[in-house]
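Colleague: query_34.txt (compact mmCIF, C-alpha atoms) pasted underneath:
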```
# COMPACT_ATOMS: atom_id res chain seq x y z
CA GLY A 10 -8.38 -5.20 14.42
CA ALA A 11 -5.92 -6.98 12.17
CA VAL A 12 -2.29 -6.29 13.00
CA VAL A 13 0.78 -6.99 10.90
CA SER A 14 4.27 -6.69 12.31
CA GLN A 15 7.65 -6.52 10.62
CA HIS A 16 11.09 -7.18 11.95
CA PRO A 17 13.54 -5.54 11.94
CA SER A 18 12.31 -1.97 11.56
CA ARG A 19 15.73 -0.80 10.43
CA VAL A 20 18.77 -2.67 9.20
CA ILE A 21 22.15 -1.61 7.91
CA CYS A 22 24.27 -4.17 6.15
CA LYS A 23 27.40 -4.30 4.07
CA SER A 24 27.37 -4.83 0.35
CA GLY A 25 27.41 -8.52 -0.56
CA THR A 26 25.68 -9.78 2.57
CA SER A 27 22.13 -11.12 2.87
CA VAL A 28 19.33 -9.69 4.97
CA LYS A 29 16.13 -11.38 6.13
CA ILE A 30 12.95 -9.43 6.85
CA GLU A 31 10.03 -11.04 8.67
CA CYS A 32 6.37 -10.22 8.24
CA ARG A 33 3.86 -11.61 10.73
CA SER A 34 0.09 -11.43 10.97
CA LEU A 35 -0.51 -11.23 14.71
CA ASP A 36 -4.20 -11.87 15.16
CA PHE A 37 -5.35 -13.48 11.95
CA GLN A 38 -4.23 -16.08 9.46
CA ALA A 39 -3.01 -14.95 6.09
CA THR A 40 -2.70 -17.43 3.26
CA THR A 41 -1.46 -14.58 1.09
CA MET A 42 0.94 -11.81 1.94
CA PHE A 43 2.44 -9.13 -0.27
CA TRP A 44 5.81 -7.44 -0.43
CA TYR A 45 6.20 -3.87 -1.62
CA ARG A 46 9.20 -1.62 -2.06
CA GLN A 47 9.17 2.14 -1.69
CA PHE A 48 12.07 4.37 -2.72
CA PRO A 49 12.38 7.81 -1.06
CA LYS A 50 9.58 10.17 -2.03
CA GLN A 51 8.12 7.60 -4.39
CA SER A 52 5.16 5.29 -4.45
CA LEU A 53 4.87 1.69 -3.35
CA MET A 54 5.68 -0.92 -5.96
CA LEU A 55 4.41 -4.47 -5.63
CA MET A 56 7.33 -6.88 -5.71
CA ALA A 57 5.73 -10.24 -5.14
CA THR A 58 2.79 -12.17 -3.77
CA SER A 59 3.68 -14.67 -1.09
CA ASN A 60 1.52 -17.78 -0.92
CA GLU A 61 1.51 -20.10 2.07
CA GLY A 62 2.87 -23.49 1.15
CA SER A 63 3.71 -22.65 -2.44
CA LYS A 64 6.06 -20.56 -4.52
CA ALA A 65 5.81 -16.80 -4.53
CA THR A 66 4.60 -14.94 -7.59
CA TYR A 67 6.97 -12.17 -8.65
CA GLU A 68 6.09 -9.03 -10.56
CA GLN A 69 7.78 -8.36 -13.86
CA GLY A 70 11.28 -7.04 -13.41
CA VAL A 71 11.77 -8.39 -9.88
CA GLU A 72 14.61 -10.92 -9.62
CA LYS A 73 13.32 -13.97 -7.78
CA ASP A 74 16.83 -15.25 -7.07
CA LYS A 75 17.73 -11.98 -5.41
CA PHE A 76 14.56 -11.51 -3.39
CA LEU A 77 13.80 -14.88 -1.84
CA ILE A 78 10.36 -15.24 -0.32
CA ASN A 79 9.28 -17.99 2.04
CA HIS A 80 5.75 -18.30 3.43
CA ALA A 81 6.20 -21.21 5.78
CA SER A 82 3.12 -20.73 7.93
CA LEU A 83 -0.23 -18.96 7.91
CA THR A 84 1.18 -16.11 9.97
CA LEU A 85 4.75 -15.66 8.70
CA SER A 86 6.35 -14.62 5.44
CA THR A 87 10.01 -13.78 5.05
CA LEU A 88 11.84 -11.75 2.43
CA THR A 89 15.56 -12.36 2.07
CA VAL A 90 17.57 -9.86 0.07
CA THR A 91 20.57 -11.86 -1.12
CA SER A 92 23.94 -10.34 -1.98
CA ALA A 93 22.61 -6.89 -1.20
CA HIS A 94 23.96 -3.86 -3.04
CA PRO A 95 23.52 -0.14 -2.34
CA GLU A 96 20.80 0.09 -5.00
CA ASP A 97 18.73 -2.34 -2.90
CA SER A 98 18.52 0.29 -0.16
CA SER A 99 14.82 1.02 0.21
CA PHE A 100 11.77 0.84 2.46
CA TYR A 101 10.26 -2.64 2.31
CA ILE A 102 6.64 -3.04 3.40
CA CYS A 103 4.59 -6.17 3.69
CA SER A 104 0.84 -6.52 3.80
CA ALA A 105 -1.66 -9.24 4.42
CA ARG A 106 -5.25 -9.64 3.46
CA ASP A 107 -7.65 -10.48 6.25
CA LEU A 108 -10.35 -12.61 4.64
CA ARG A 109 -12.81 -11.92 7.43
CA ALA A 110 -15.41 -9.39 6.28
CA GLY A 111 -14.35 -5.83 6.99
CA ALA A 112 -14.71 -2.29 5.77
CA ALA A 113 -13.44 -3.30 2.36
CA GLY A 114 -15.53 -6.43 2.00
CA GLY A 115 -12.60 -8.60 2.90
CA TYR A 116 -10.30 -6.98 0.36
CA GLU A 117 -8.61 -4.66 2.81
CA GLN A 118 -4.88 -5.16 3.09
CA TYR A 119 -3.26 -4.52 6.43
CA PHE A 120 0.25 -3.18 6.18
CA GLY A 121 3.20 -3.75 8.43
CA PRO A 122 5.20 -0.78 9.73
CA GLY A 123 7.93 -1.32 7.15
CA THR A 124 11.64 -2.10 7.22
CA ARG A 125 14.21 0.47 6.16
CA LEU A 126 17.18 -1.27 4.57
CA THR A 127 20.45 0.57 4.04
CA VAL A 128 23.24 -1.20 2.21
CA THR A 129 26.68 0.36 2.61
CA ALA B 4 -2.43 -3.02 -17.53
CA GLN B 5 -3.93 -1.11 -14.66
CA LYS B 6 -2.80 2.41 -13.87
CA ILE B 7 -3.48 4.94 -11.13
CA THR B 8 -2.89 8.65 -11.68
CA GLN B 9 -2.66 11.25 -8.94
CA THR B 10 -2.01 14.64 -10.49
CA GLN B 11 -1.47 16.67 -7.33
CA PRO B 12 2.09 16.18 -5.99
CA GLY B 13 1.40 18.51 -3.08
CA MET B 14 -1.41 20.52 -1.53
CA PHE B 15 -1.64 23.18 1.16
CA VAL B 16 -5.00 23.53 2.91
CA GLN B 17 -6.17 25.67 5.80
CA GLU B 18 -7.26 23.82 8.91
CA LYS B 19 -11.01 23.08 9.07
CA GLU B 20 -11.45 23.39 5.32
CA ALA B 21 -12.54 20.48 3.17
CA VAL B 22 -10.01 19.04 0.76
CA THR B 23 -10.36 16.90 -2.36
CA LEU B 24 -7.53 14.65 -3.49
CA ASP B 25 -7.76 13.56 -7.10
CA CYS B 26 -7.37 10.02 -8.41
CA THR B 27 -8.08 8.63 -11.85
CA TYR B 28 -7.60 5.03 -12.87
CA ASP B 29 -7.43 2.88 -15.94
CA THR B 30 -8.38 -0.76 -16.19
CA SER B 31 -10.11 -3.06 -18.63
CA ASP B 32 -11.37 -5.38 -15.90
CA PRO B 33 -15.03 -4.82 -14.95
CA SER B 34 -14.35 -6.01 -11.40
CA TYR B 35 -11.96 -3.86 -9.40
CA GLY B 36 -11.61 -2.05 -6.12
CA LEU B 37 -10.21 1.32 -5.17
CA PHE B 38 -8.45 2.17 -1.92
CA TRP B 39 -7.12 5.25 -0.24
CA TYR B 40 -4.25 5.00 2.22
CA LYS B 41 -2.60 7.61 4.41
CA GLN B 42 1.13 7.44 5.06
CA PRO B 43 2.46 9.75 7.79
CA SER B 44 6.16 10.48 8.11
CA SER B 45 6.57 7.35 10.26
CA GLY B 46 6.00 5.27 7.13
CA GLU B 47 3.06 3.14 8.19
CA MET B 48 0.23 2.72 5.70
CA ILE B 49 -3.16 3.52 7.21
CA PHE B 50 -6.30 2.30 5.41
CA LEU B 51 -8.88 5.04 4.97
CA ILE B 52 -11.62 3.94 2.62
CA TYR B 53 -12.59 1.41 -0.07
CA GLN B 54 -14.91 1.46 -3.09
CA GLY B 55 -15.81 -1.63 -5.07
CA SER B 56 -16.57 -1.26 -8.76
CA TYR B 57 -20.06 -2.67 -8.31
CA ASP B 58 -20.92 -0.65 -5.23
CA GLN B 59 -23.96 1.49 -5.92
CA GLN B 60 -23.26 4.15 -3.34
CA ASN B 61 -20.18 6.24 -2.68
CA ALA B 62 -18.18 4.98 0.28
CA THR B 63 -17.98 7.03 3.46
CA GLU B 64 -15.90 6.52 6.63
CA GLY B 65 -16.21 9.28 9.20
CA ARG B 66 -14.63 12.44 7.76
CA TYR B 67 -13.58 10.58 4.62
CA SER B 68 -15.77 10.09 1.59
CA LEU B 69 -14.98 8.79 -1.85
CA ASN B 70 -16.44 10.57 -4.86
CA PHE B 71 -16.70 7.63 -7.26
CA GLN B 72 -17.48 8.55 -10.86
CA LYS B 73 -17.28 5.30 -12.74
CA ALA B 74 -17.85 6.68 -16.25
CA ARG B 75 -15.02 9.16 -15.76
CA LYS B 76 -12.86 6.55 -14.00
CA SER B 77 -12.24 8.80 -11.07
CA ALA B 78 -12.22 8.09 -7.34
CA ASN B 79 -11.46 11.31 -5.52
CA LEU B 80 -11.01 11.36 -1.76
CA VAL B 81 -12.80 14.09 0.15
CA ILE B 82 -11.70 14.96 3.66
CA SER B 83 -14.15 17.18 5.51
CA ALA B 84 -13.12 19.58 8.26
CA SER B 85 -9.40 18.99 7.87
CA GLN B 86 -7.20 18.72 10.96
CA LEU B 87 -3.49 19.29 11.51
CA GLY B 88 -3.09 15.55 11.99
CA ASP B 89 -4.27 14.97 8.43
CA SER B 90 -0.91 16.18 7.13
CA ALA B 91 0.64 13.17 5.39
CA MET B 92 1.12 11.44 2.05
CA TYR B 93 -2.07 10.05 0.56
CA PHE B 94 -2.05 7.19 -1.91
CA CYS B 95 -4.81 5.96 -4.17
CA ALA B 96 -4.55 2.27 -5.03
CA MET B 97 -6.42 -0.32 -7.07
CA ARG B 98 -6.87 -4.06 -7.04
CA ASN B 99 -7.88 -5.76 -10.28
CA GLY B 100 -10.27 -8.66 -10.55
CA GLY B 101 -8.84 -11.67 -8.81
CA ALA B 102 -5.42 -10.14 -8.28
CA ASP B 103 -5.02 -8.95 -4.73
CA GLY B 104 -1.75 -7.07 -5.08
CA LEU B 105 -2.35 -3.35 -5.23
CA THR B 106 -1.25 -0.83 -7.84
CA PHE B 107 -0.49 2.53 -6.25
CA GLY B 108 -0.52 6.07 -7.58
CA LYS B 109 2.41 8.40 -6.96
CA GLY B 110 0.72 10.03 -4.02
CA THR B 111 -0.25 13.52 -2.88
CA HIS B 112 1.58 15.27 -0.05
CA LEU B 113 -1.09 17.08 1.94
CA ILE B 114 -0.09 19.79 4.39
CA ILE B 115 -2.71 21.28 6.68
CA GLN B 116 -1.88 24.79 7.84
CA PRO B 117 -3.17 26.32 11.09
```
Translate this structure into structure tokens?

Modeller:
Amino acid sequence: GAVVSQHPSRVICKSGTSVKIECRSLDFQATTMFWYRQFPKQSLMLMATSNEGSKATYEQGVEKDKFLINHASLTLSTLTVTSAHPEDSSFYICSARDLRAGAAGGYEQYFGPGTRLTVT
Amino acid sequence: AQKITQTQPGMFVQEKEAVTLDCTYDTSDPSYGLFWYKQPSSGEMIFLIYQGSYDQQNATEGRYSLNFQKARKSANLVISASQLGDSAMYFCAMRNGGADGLTFGKGTHLIIQP
């Protein structure tokens, strides 16, 4: 089955520093990956769509200069939270779509285990 | 804009009973897809079931079935013979047309009691 990994699983950083989160598709190639944010006891909110070899597409209200996304290869997307502040503390989850036919006709998104970011 | 509504913040169900989790959606796009995901306390998102807007039959995956009522714009998840391990958050989500990013509902916290 399709597996997506994220690193790190947890990170604590000081206010004003930058943090990089990696999302990897382990056994399939993903031209498109997605980044979501989930605040405690809330739902997942799509932040941006990461496209291999081109610029990411950000959802309305998401600051592209603060959340830098790089999709340098078919198996790796990175999210960098720049100049992090306590309000950026959240659970960040990536997903990737496996275009091979599956239970969801190829539309299934496989999620990584998530990264819990705490900014002090 | 697309919207997913889950009206049940929490549910308590006796083990071995069937449970229905409600989901209604709103979209103007004729092509869409509906997903259900399970999120245990560990945080991982586990895919359960998918229904495409043009699928003629309701989707089923083991103990999970999706009661798709297109005219009412509802896509309820039915879990048969619930187990203690089913306790988790359940999210309904939708993809619209060519957009692959998912819109999620607020979720339902399901607790299975022995």

Colleague: At a cut-off of 7 Å, using all atoms listed in the file, what residues contact Ser18 in chain A? Leave out same-chain residues fewer than 4 positions from it and give the result as a list in words.

Modeller: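 Close residues of Ser18 in chain A: Gly123, Thr124 and Arg125 of chain A.
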
Colleague: Counting all atoms listed in the file, what are the residues of chain A within 8 Å of chain B, and for each of them which pair of atoms is the nearest and at what distance in Å, to one decimal? Sort the table by chain and rising number, as CSV.

Modeller:
```
residue,atom,partner,partner_atom,distance
A:Phe43,CA,B:Gly104,CA,6.7
A:Gln51,CA,B:Lys109,CA,6.3
A:Ser52,CA,B:Lys109,CA,4.9
A:Leu53,CA,B:Phe107,CA,6.2
A:Met54,CA,B:Phe107,CA,7.1
A:Leu55,CA,B:Gly104,CA,6.7
A:Thr58,CA,B:Gly104,CA,7.0
A:Ala112,CA,B:Tyr53,CA,7.2
A:Ala113,CA,B:Tyr53,CA,5.4
A:Tyr116,CA,B:Asp103,CA,7.6
A:Glu117,CA,B:Phe50,CA,7.8
A:Gln118,CA,B:Phe50,CA,7.9
A:Tyr119,CA,B:Phe50,CA,7.5
A:Phe120,CA,B:Met48,CA,5.9
A:Gly121,CA,B:Glu47,CA,6.9
A:Pro122,CA,B:Glu47,CA,4.7
A:Gly123,CA,B:Glu47,CA,6.7
```

Colleague: Output C-alpha atoms for every residue in that selection, as a compact mmCIF listing (two decimals), in the coordinates of the input.

Modeller:
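What ended up in again-v8.txt:
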```
# COMPACT_ATOMS: atom_id res chain seq x y z
CA PHE A 43 2.44 -9.13 -0.27
CA GLN A 51 8.12 7.60 -4.39
CA SER A 52 5.16 5.29 -4.45
CA LEU A 53 4.87 1.69 -3.35
CA MET A 54 5.68 -0.92 -5.96
CA LEU A 55 4.41 -4.47 -5.63
CA THR A 58 2.79 -12.17 -3.77
CA ALA A 112 -14.71 -2.29 5.77
CA ALA A 113 -13.44 -3.30 2.36
CA TYR A 116 -10.30 -6.98 0.36
CA GLU A 117 -8.61 -4.66 2.81
CA GLN A 118 -4.88 -5.16 3.09
CA TYR A 119 -3.26 -4.52 6.43
CA PHE A 120 0.25 -3.18 6.18
CA GLY A 121 3.20 -3.75 8.43
CA PRO A 122 5.20 -0.78 9.73
CA GLY A 123 7.93 -1.32 7.15
```

Colleague: Can you pull out every residue within 10 Å of Arg19 in chain A, counting all atoms listed in the file, but drop anything in the same chain fewer than 2 positions away, and send it as a list of chain:residue names?

Modeller: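 Returned residues: A:Gln15, A:His16, A:Pro17, A:Ile21, A:Ile30, A:Phe100, A:Tyr101, A:Gly123, A:Thr124, A:Arg125, A:Leu126, A:Thr127.
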
Colleague: Can you pull out every residue within 9 Å of Phe76 in chain A, counting only C-alpha atoms, but drop anything in the same chain fewer than 5 positions away, and send it as a VMD selection string?

Modeller: chain A and resid 56 71 88 to 91

Colleague: Please return, as a list in words, all polymer residues that have at least one atom within 9 Å of the point (-8.3, 27.4, 8.7); use all atoms listed in the file and the file's own coordinate frame.

Modeller: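 These residues have at least one counted atom within 9 Å: Val16, Gln17, Glu18, Lys19, Glu20, Ser85, Ile115, Gln116 and Pro117 of chain B.
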
Colleague: What is the distance, in Å and to one decimal place, between CA of Ser34 in chain B and CA of Tyr45 in chain A?

Modeller: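 If I compute the distance from CA of Ser34 in chain B to CA of Tyr45 in chain A, I get 22.9 Å.
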
Colleague: From the options A:Ser104, A:Ser99, A:Val128, A:Thr84, which residue's atoms come nearest to Gln47 in chain A, counting all atoms listed in the file?

Modeller: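 Using all atoms listed in the file, Gln47 in chain A sits closest to A:Ser99.
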
Colleague: Pick the closest to His80 in chain A from A:Ala57, A:Val28, A:Met42, A:Cys103: which is it, counting all atoms listed in the file?

Modeller: A:Met42

Colleague: For Leu108 in chain A, please output as a ChimeraX atom specification all residues within 10 Å (counting only C-alpha atoms; exclusion window: fewer than 4 positions along the same chain).

Modeller: /A:37-41,114-118

Colleague: At what distance in Å, to one decimal, does CA of Asp29 in chain B lie from CA of Gln11 in chain B?

Modeller: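 Answer for the CA of Gln11 in chain B to CA of Asp29 in chain B separation: 17.3 Å.
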
Colleague: Could you pull the residues within 6 Å of Pro95 in chain A, counting all atoms listed in the file, minus those fewer than 2 positions along the same chain, as a ChimeraX atom specification?

Modeller: /A:97-98,128-129

Colleague: Of the residues A:Ser34, A:Glu61, A:Lys50, A:Ile78, which is the one nearest to Tyr93 in chain B, using all atoms listed in the file?

Modeller: A:Lys50

Colleague: Suppose you want the space between CA of Val22 in chain B and CA of Ser83 in chain B; what is it in Å?

Modeller: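 Computing it gives 6.6 Å between the two atoms.
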
Colleague: My list of candidates is B:Met14, B:Ile7, B:Cys26, B:Leu113. Which is closest to Phe71 in chain B when distances are computed with only C-alpha atoms?

Modeller: B:Cys26

Colleague: Could you please fill out range 115-126 of chain A with all heavy atoms and send it back as a PDB file, in the frame of the given file?

Modeller:
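Output below, filename rebuild25.pdb:
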```pdb
ATOM      1  N   GLY A 115     -13.572  -7.526   2.866  1.00  0.00           N
ATOM      2  CA  GLY A 115     -12.600  -8.600   2.900  1.00  0.00           C
ATOM      3  C   GLY A 115     -11.407  -8.355   2.008  1.00  0.00           C
ATOM      4  O   GLY A 115     -10.464  -9.136   2.006  1.00  0.00           O
ATOM      5  N   TYR A 116     -11.419  -7.275   1.244  1.00  0.00           N
ATOM      6  CA  TYR A 116     -10.300  -6.980   0.360  1.00  0.00           C
ATOM      7  C   TYR A 116      -9.258  -6.064   0.986  1.00  0.00           C
ATOM      8  O   TYR A 116      -8.219  -5.817   0.396  1.00  0.00           O
ATOM      9  CB  TYR A 116     -10.801  -6.335  -0.946  1.00  0.00           C
ATOM     10  CG  TYR A 116     -11.512  -7.293  -1.857  1.00  0.00           C
ATOM     11  CD1 TYR A 116     -12.889  -7.207  -2.050  1.00  0.00           C
ATOM     12  CD2 TYR A 116     -10.809  -8.292  -2.525  1.00  0.00           C
ATOM     13  CE1 TYR A 116     -13.544  -8.102  -2.885  1.00  0.00           C
ATOM     14  CE2 TYR A 116     -11.459  -9.184  -3.355  1.00  0.00           C
ATOM     15  CZ  TYR A 116     -12.831  -9.077  -3.536  1.00  0.00           C
ATOM     16  OH  TYR A 116     -13.484  -9.954  -4.351  1.00  0.00           O
ATOM     17  N   GLU A 117      -9.554  -5.583   2.183  1.00  0.00           N
ATOM     18  CA  GLU A 117      -8.610  -4.660   2.810  1.00  0.00           C
ATOM     19  C   GLU A 117      -7.293  -5.345   3.084  1.00  0.00           C
ATOM     20  O   GLU A 117      -7.249  -6.482   3.528  1.00  0.00           O
ATOM     21  CB  GLU A 117      -9.172  -4.128   4.116  1.00  0.00           C
ATOM     22  CG  GLU A 117      -8.239  -3.169   4.835  1.00  0.00           C
ATOM     23  CD  GLU A 117      -8.842  -2.616   6.100  1.00  0.00           C
ATOM     24  OE1 GLU A 117     -10.057  -2.767   6.292  1.00  0.00           O
ATOM     25  OE2 GLU A 117      -8.105  -2.033   6.893  1.00  0.00           O
ATOM     26  N   GLN A 118      -6.208  -4.649   2.775  1.00  0.00           N
ATOM     27  CA  GLN A 118      -4.880  -5.160   3.090  1.00  0.00           C
ATOM     28  C   GLN A 118      -4.352  -4.377   4.283  1.00  0.00           C
ATOM     29  O   GLN A 118      -4.406  -3.149   4.311  1.00  0.00           O
ATOM     30  CB  GLN A 118      -3.941  -4.987   1.898  1.00  0.00           C
ATOM     31  CG  GLN A 118      -4.252  -5.927   0.760  1.00  0.00           C
ATOM     32  CD  GLN A 118      -3.158  -5.935  -0.289  1.00  0.00           C
ATOM     33  OE1 GLN A 118      -2.024  -5.528  -0.048  1.00  0.00           O
ATOM     34  NE2 GLN A 118      -3.507  -6.413  -1.472  1.00  0.00           N
ATOM     35  N   TYR A 119      -3.845  -5.125   5.250  1.00  0.00           N
ATOM     36  CA  TYR A 119      -3.260  -4.520   6.430  1.00  0.00           C
ATOM     37  C   TYR A 119      -1.746  -4.510   6.255  1.00  0.00           C
ATOM     38  O   TYR A 119      -1.145  -5.540   5.968  1.00  0.00           O
ATOM     39  CB  TYR A 119      -3.663  -5.290   7.681  1.00  0.00           C
ATOM     40  CG  TYR A 119      -5.135  -5.192   7.976  1.00  0.00           C
ATOM     41  CD1 TYR A 119      -6.027  -6.107   7.435  1.00  0.00           C
ATOM     42  CD2 TYR A 119      -5.634  -4.158   8.756  1.00  0.00           C
ATOM     43  CE1 TYR A 119      -7.383  -6.001   7.683  1.00  0.00           C
ATOM     44  CE2 TYR A 119      -6.984  -4.054   9.014  1.00  0.00           C
ATOM     45  CZ  TYR A 119      -7.854  -4.975   8.472  1.00  0.00           C
ATOM     46  OH  TYR A 119      -9.195  -4.873   8.709  1.00  0.00           O
ATOM     47  N   PHE A 120      -1.170  -3.344   6.425  1.00  0.00           N
ATOM     48  CA  PHE A 120       0.250  -3.180   6.180  1.00  0.00           C
ATOM     49  C   PHE A 120       1.058  -3.251   7.469  1.00  0.00           C
ATOM     50  O   PHE A 120       0.615  -2.794   8.529  1.00  0.00           O
ATOM     51  CB  PHE A 120       0.517  -1.840   5.490  1.00  0.00           C
ATOM     52  CG  PHE A 120       0.160  -1.835   4.031  1.00  0.00           C
ATOM     53  CD1 PHE A 120      -1.148  -1.646   3.619  1.00  0.00           C
ATOM     54  CD2 PHE A 120       1.140  -2.041   3.067  1.00  0.00           C
ATOM     55  CE1 PHE A 120      -1.476  -1.660   2.262  1.00  0.00           C
ATOM     56  CE2 PHE A 120       0.823  -2.044   1.712  1.00  0.00           C
ATOM     57  CZ  PHE A 120      -0.488  -1.856   1.313  1.00  0.00           C
ATOM     58  N   GLY A 121       2.250  -3.795   7.339  1.00  0.00           N
ATOM     59  CA  GLY A 121       3.200  -3.750   8.430  1.00  0.00           C
ATOM     60  C   GLY A 121       3.814  -2.365   8.505  1.00  0.00           C
ATOM     61  O   GLY A 121       3.604  -1.540   7.622  1.00  0.00           O
ATOM     62  N   PRO A 122       4.602  -2.101   9.545  1.00  0.00           N
ATOM     63  CA  PRO A 122       5.200  -0.780   9.730  1.00  0.00           C
ATOM     64  C   PRO A 122       6.384  -0.509   8.820  1.00  0.00           C
ATOM     65  O   PRO A 122       6.863   0.616   8.768  1.00  0.00           O
ATOM     66  CB  PRO A 122       5.635  -0.796  11.199  1.00  0.00           C
ATOM     67  CG  PRO A 122       5.846  -2.243  11.498  1.00  0.00           C
ATOM     68  CD  PRO A 122       4.850  -2.989  10.687  1.00  0.00           C
ATOM     69  N   GLY A 123       6.846  -1.517   8.099  1.00  0.00           N
ATOM     70  CA  GLY A 123       7.930  -1.320   7.150  1.00  0.00           C
ATOM     71  C   GLY A 123       9.307  -1.588   7.734  1.00  0.00           C
ATOM     72  O   GLY A 123       9.515  -1.535   8.952  1.00  0.00           O
ATOM     73  N   THR A 124      10.239  -1.882   6.845  1.00  0.00           N
ATOM     74  CA  THR A 124      11.640  -2.100   7.220  1.00  0.00           C
ATOM     75  C   THR A 124      12.514  -1.233   6.321  1.00  0.00           C
ATOM     76  O   THR A 124      12.431  -1.334   5.096  1.00  0.00           O
ATOM     77  CB  THR A 124      12.048  -3.574   7.018  1.00  0.00           C
ATOM     78  OG1 THR A 124      11.289  -4.404   7.892  1.00  0.00           O
ATOM     79  CG2 THR A 124      13.547  -3.764   7.288  1.00  0.00           C
ATOM     80  N   ARG A 125      13.316  -0.392   6.954  1.00  0.00           N
ATOM     81  CA  ARG A 125      14.210   0.470   6.160  1.00  0.00           C
ATOM     82  C   ARG A 125      15.567  -0.217   6.049  1.00  0.00           C
ATOM     83  O   ARG A 125      16.262  -0.411   7.038  1.00  0.00           O
ATOM     84  CB  ARG A 125      14.360   1.839   6.816  1.00  0.00           C
ATOM     85  CG  ARG A 125      15.044   2.849   5.902  1.00  0.00           C
ATOM     86  CD  ARG A 125      14.821   4.275   6.361  1.00  0.00           C
ATOM     87  NE  ARG A 125      13.423   4.655   6.438  1.00  0.00           N
ATOM     88  CZ  ARG A 125      12.665   4.982   5.400  1.00  0.00           C
ATOM     89  NH1 ARG A 125      13.180   4.966   4.183  1.00  0.00           N
ATOM     90  NH2 ARG A 125      11.412   5.338   5.564  1.00  0.00           N
ATOM     91  N   LEU A 126      15.914  -0.585   4.835  1.00  0.00           N
ATOM     92  CA  LEU A 126      17.180  -1.270   4.570  1.00  0.00           C
ATOM     93  C   LEU A 126      18.175  -0.293   3.972  1.00  0.00           C
ATOM     94  O   LEU A 126      17.869   0.388   2.987  1.00  0.00           O
ATOM     95  CB  LEU A 126      16.964  -2.435   3.600  1.00  0.00           C
ATOM     96  CG  LEU A 126      18.223  -3.103   3.028  1.00  0.00           C
ATOM     97  CD1 LEU A 126      19.031  -3.759   4.136  1.00  0.00           C
ATOM     98  CD2 LEU A 126      17.860  -4.126   1.953  1.00  0.00           C
TER      99      LEU A 126
END
```
